[in-house]
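Student: Please read through the structure below; I'll follow up with questions.
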Amino acid sequence: MQGLGDFRKAWLAAAAGLMLVNSAAAQGKWPERPITLVVPFVAGGGTDSIARDIASQLSNRFGQPVVVDNKGGAGGSIGANFVAKAKPDGYTLLFATSTFATNAAIDPKLPYKPESDFAPVAMIGRGPLLLVTNKALGAKSVADLPKIAKTREGGINYCSAGAGSINHLSGELFRQQATLPMTHVPFKGSGPAALELLAGRVDAFFATVPTILPHLKTGKLELLAVTSAQRSSLFPQVPTMAEAGIKGYDVTTWWGVLAPAGVSPEIVNQLNQAVNAAAAAEPVRSRLKHEGATPISLSPKAFAAELHDELGKWKAVASKPGMEL
């Protein structure tokens with residue numbers, strides 16, 4: 001009987017070990033089919049280009065296709081909602097930008113919760129926006145804007161890629177800190193906004209680097225400041241907003257990858273390592289540098305903390321009196 005008992009114990013131990021091996025093998029299979037990287041904007045923009053470079057790097061690393069799926073509209077919320085509702089198996093991811101936070105700050109009725117419905121994977125990089133004005137406005141510095149605003153009925157206006165965009169809330173933060181009379185003029189995308197600025201029909205634009213860089217090279221616009229805490233390597237002679245007199249002003253745009261909440265920590269960590277490696281490698285690194293951005297390597301936990309801070313910051317801005325959509 002003792003021998004039978006020993007046999008039974010040995011059999012149970014072997015079975016348990018086999019289950020662990022099978023479980024580990026099952027987890028190790030990911031990814032075993034194509035991954036979809038949802039870009040919540042139309043194809044062809046700067047964000048889309050970075051996403052496609054990241055997708056290519058991830059595909060090489062995982063040995064599976066990583067397919068970019070553009071789901072633009074509603075300030076990025078259509079694509080974000082698609083990912084929030086996707087099966088949390090690591091096969092559907094969101095390529096997020098700072099607009100993920102700014103849009104959530106102005107719209108409390110989004111069909112998803114920006115923190116609890118997503119698992120932060122990795123931040124790719126951060127870069128400044130540029131405060132530019134049309135030449136006809138006559139501003140040569142940030143200090144000129146209050147002076148000009150006082151001479152014009154209604155003050156000055158600024159354009160954006162749409163209500164809730166990073167351009168919009170960057171301008172709103174400036175209005176609040178500088179106590180300027182400013183009117184927000186939203187457009188459907190950064191391209192149309194830039195065209196109206198060039199035509200002189202709007203005064204100012206807190207623009208992303210890839211949107212406005214080609215026009216700066218032609219000398220058609222005035223570059224007054226960069227929005228980050230440090231000067232840009234692309235424009236080392238241009239002051240920051242803080243240096244220009246708007247103390248504490250620090251705004252950057254960012255790019256990152258999110259997964260639906262509930263994706264296993266093992267898959268999130270695999271993705272984190274792969275995305276961090278992709279952001280540090282070519283061609284992503286050079287593309288970020290070209291856009292005045294810096295690659296960033298964060299753990300999922302650190303990215304979650306950054307996202308939490310971003311949401312808090314922009315919700316505070318959106319809650320102040322005088323906020324225009």
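Residue numbering restarts at 1 in every chain; chains get A, B, ... in the order shown in the structure tokens, and ligands count up from 1 in that same order.
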Which residues of region 63-171 of chain A sit at most 8 Å from region 176-196 of chain A, using only C-alpha atoms? Give each one's shortest atom pair and distance in Å (one decimal place), in chain and ascending residue order, as a Markdown table.
Tutor:
| residue | atom | partner | partner_atom | distance |
| --- | --- | --- | --- | --- |
| A:Pro146 | CA | A:Leu180 | CA | 6.4 |
| A:Ala149 | CA | A:Pro181 | CA | 6.8 |
| A:Gly154 | CA | A:Pro181 | CA | 6.4 |
| A:Gly155 | CA | A:Pro181 | CA | 4.9 |
| A:Ile156 | CA | A:Met182 | CA | 5.0 |
| A:Asn157 | CA | A:Thr183 | CA | 4.4 |
| A:Tyr158 | CA | A:His184 | CA | 5.3 |
| A:Cys159 | CA | A:Val185 | CA | 4.6 |
| A:Ser160 | CA | A:Pro186 | CA | 4.9 |
| A:Ala161 | CA | A:Gly189 | CA | 4.1 |
| A:Gly162 | CA | A:Pro186 | CA | 4.6 |
| A:Ala163 | CA | A:Pro186 | CA | 6.0 |
| A:His168 | CA | A:His184 | CA | 7.3 |
| A:Gly171 | CA | A:His184 | CA | 7.9 |
Student: Leaving out Pro120 (chain A) and any residue of its chain fewer than 2 positions from it, which residues lie within 7 Å of it when counting only C-alpha atoms, given as a VMD selection string?
Tutor: chain A and resid 118 122 257 to 259 300 303 to 304
Student: Nearest to Pro239 (chain A): which of A:Arg201, A:Lys313, A:His215, A:Lys140 is it, counting only C-alpha atoms?
Tutor: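 Answer, going by the shortest atom-to-atom distance: A:Lys140.
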Student: Excluding region 47-60 of chain A and residues on its chain fewer than 6 positions from it, collect all residues at most 10 Å away from it, counting only C-alpha atoms, and give them as number ranges by chain.
Tutor: A: 34-41, 66-70, 94-97, 124, 210, 254-257, 271, 274-279, 281-285, 287-288
Student: Using DSSP on the backbone coordinates, identify all residues within region 3-226 of chain A classified as helix (DSSP H, G or I); present the result as JSON, numbers by chain.
Tutor: {"A": [3, 4, 5, 6, 7, 8, 9, 10, 11, 12, 13, 14, 15, 16, 17, 18, 19, 20, 21, 22, 23, 24, 25, 26, 27, 28, 46, 47, 48, 49, 50, 51, 52, 53, 54, 55, 56, 57, 58, 59, 60, 61, 62, 74, 75, 76, 77, 78, 79, 80, 81, 82, 83, 84, 99, 100, 101, 102, 103, 104, 105, 106, 135, 136, 137, 144, 145, 146, 147, 148, 149, 150, 166, 167, 168, 169, 170, 171, 172, 173, 174, 175, 176, 177, 178, 190, 191, 192, 193, 194, 195, 196, 197, 198, 209, 210, 211, 212, 213, 214, 215, 216, 217]}
Student: For Leu325 (chain A), which residue out of A:Ser286, A:Asn167, A:Thr252, A:Thr227 is the nearest one, using only C-alpha atoms?
Tutor: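 Going through A:Ser286, A:Asn167, A:Thr252, A:Thr227 one by one, the smallest distance to Leu325 (chain A) is for A:Asn167.
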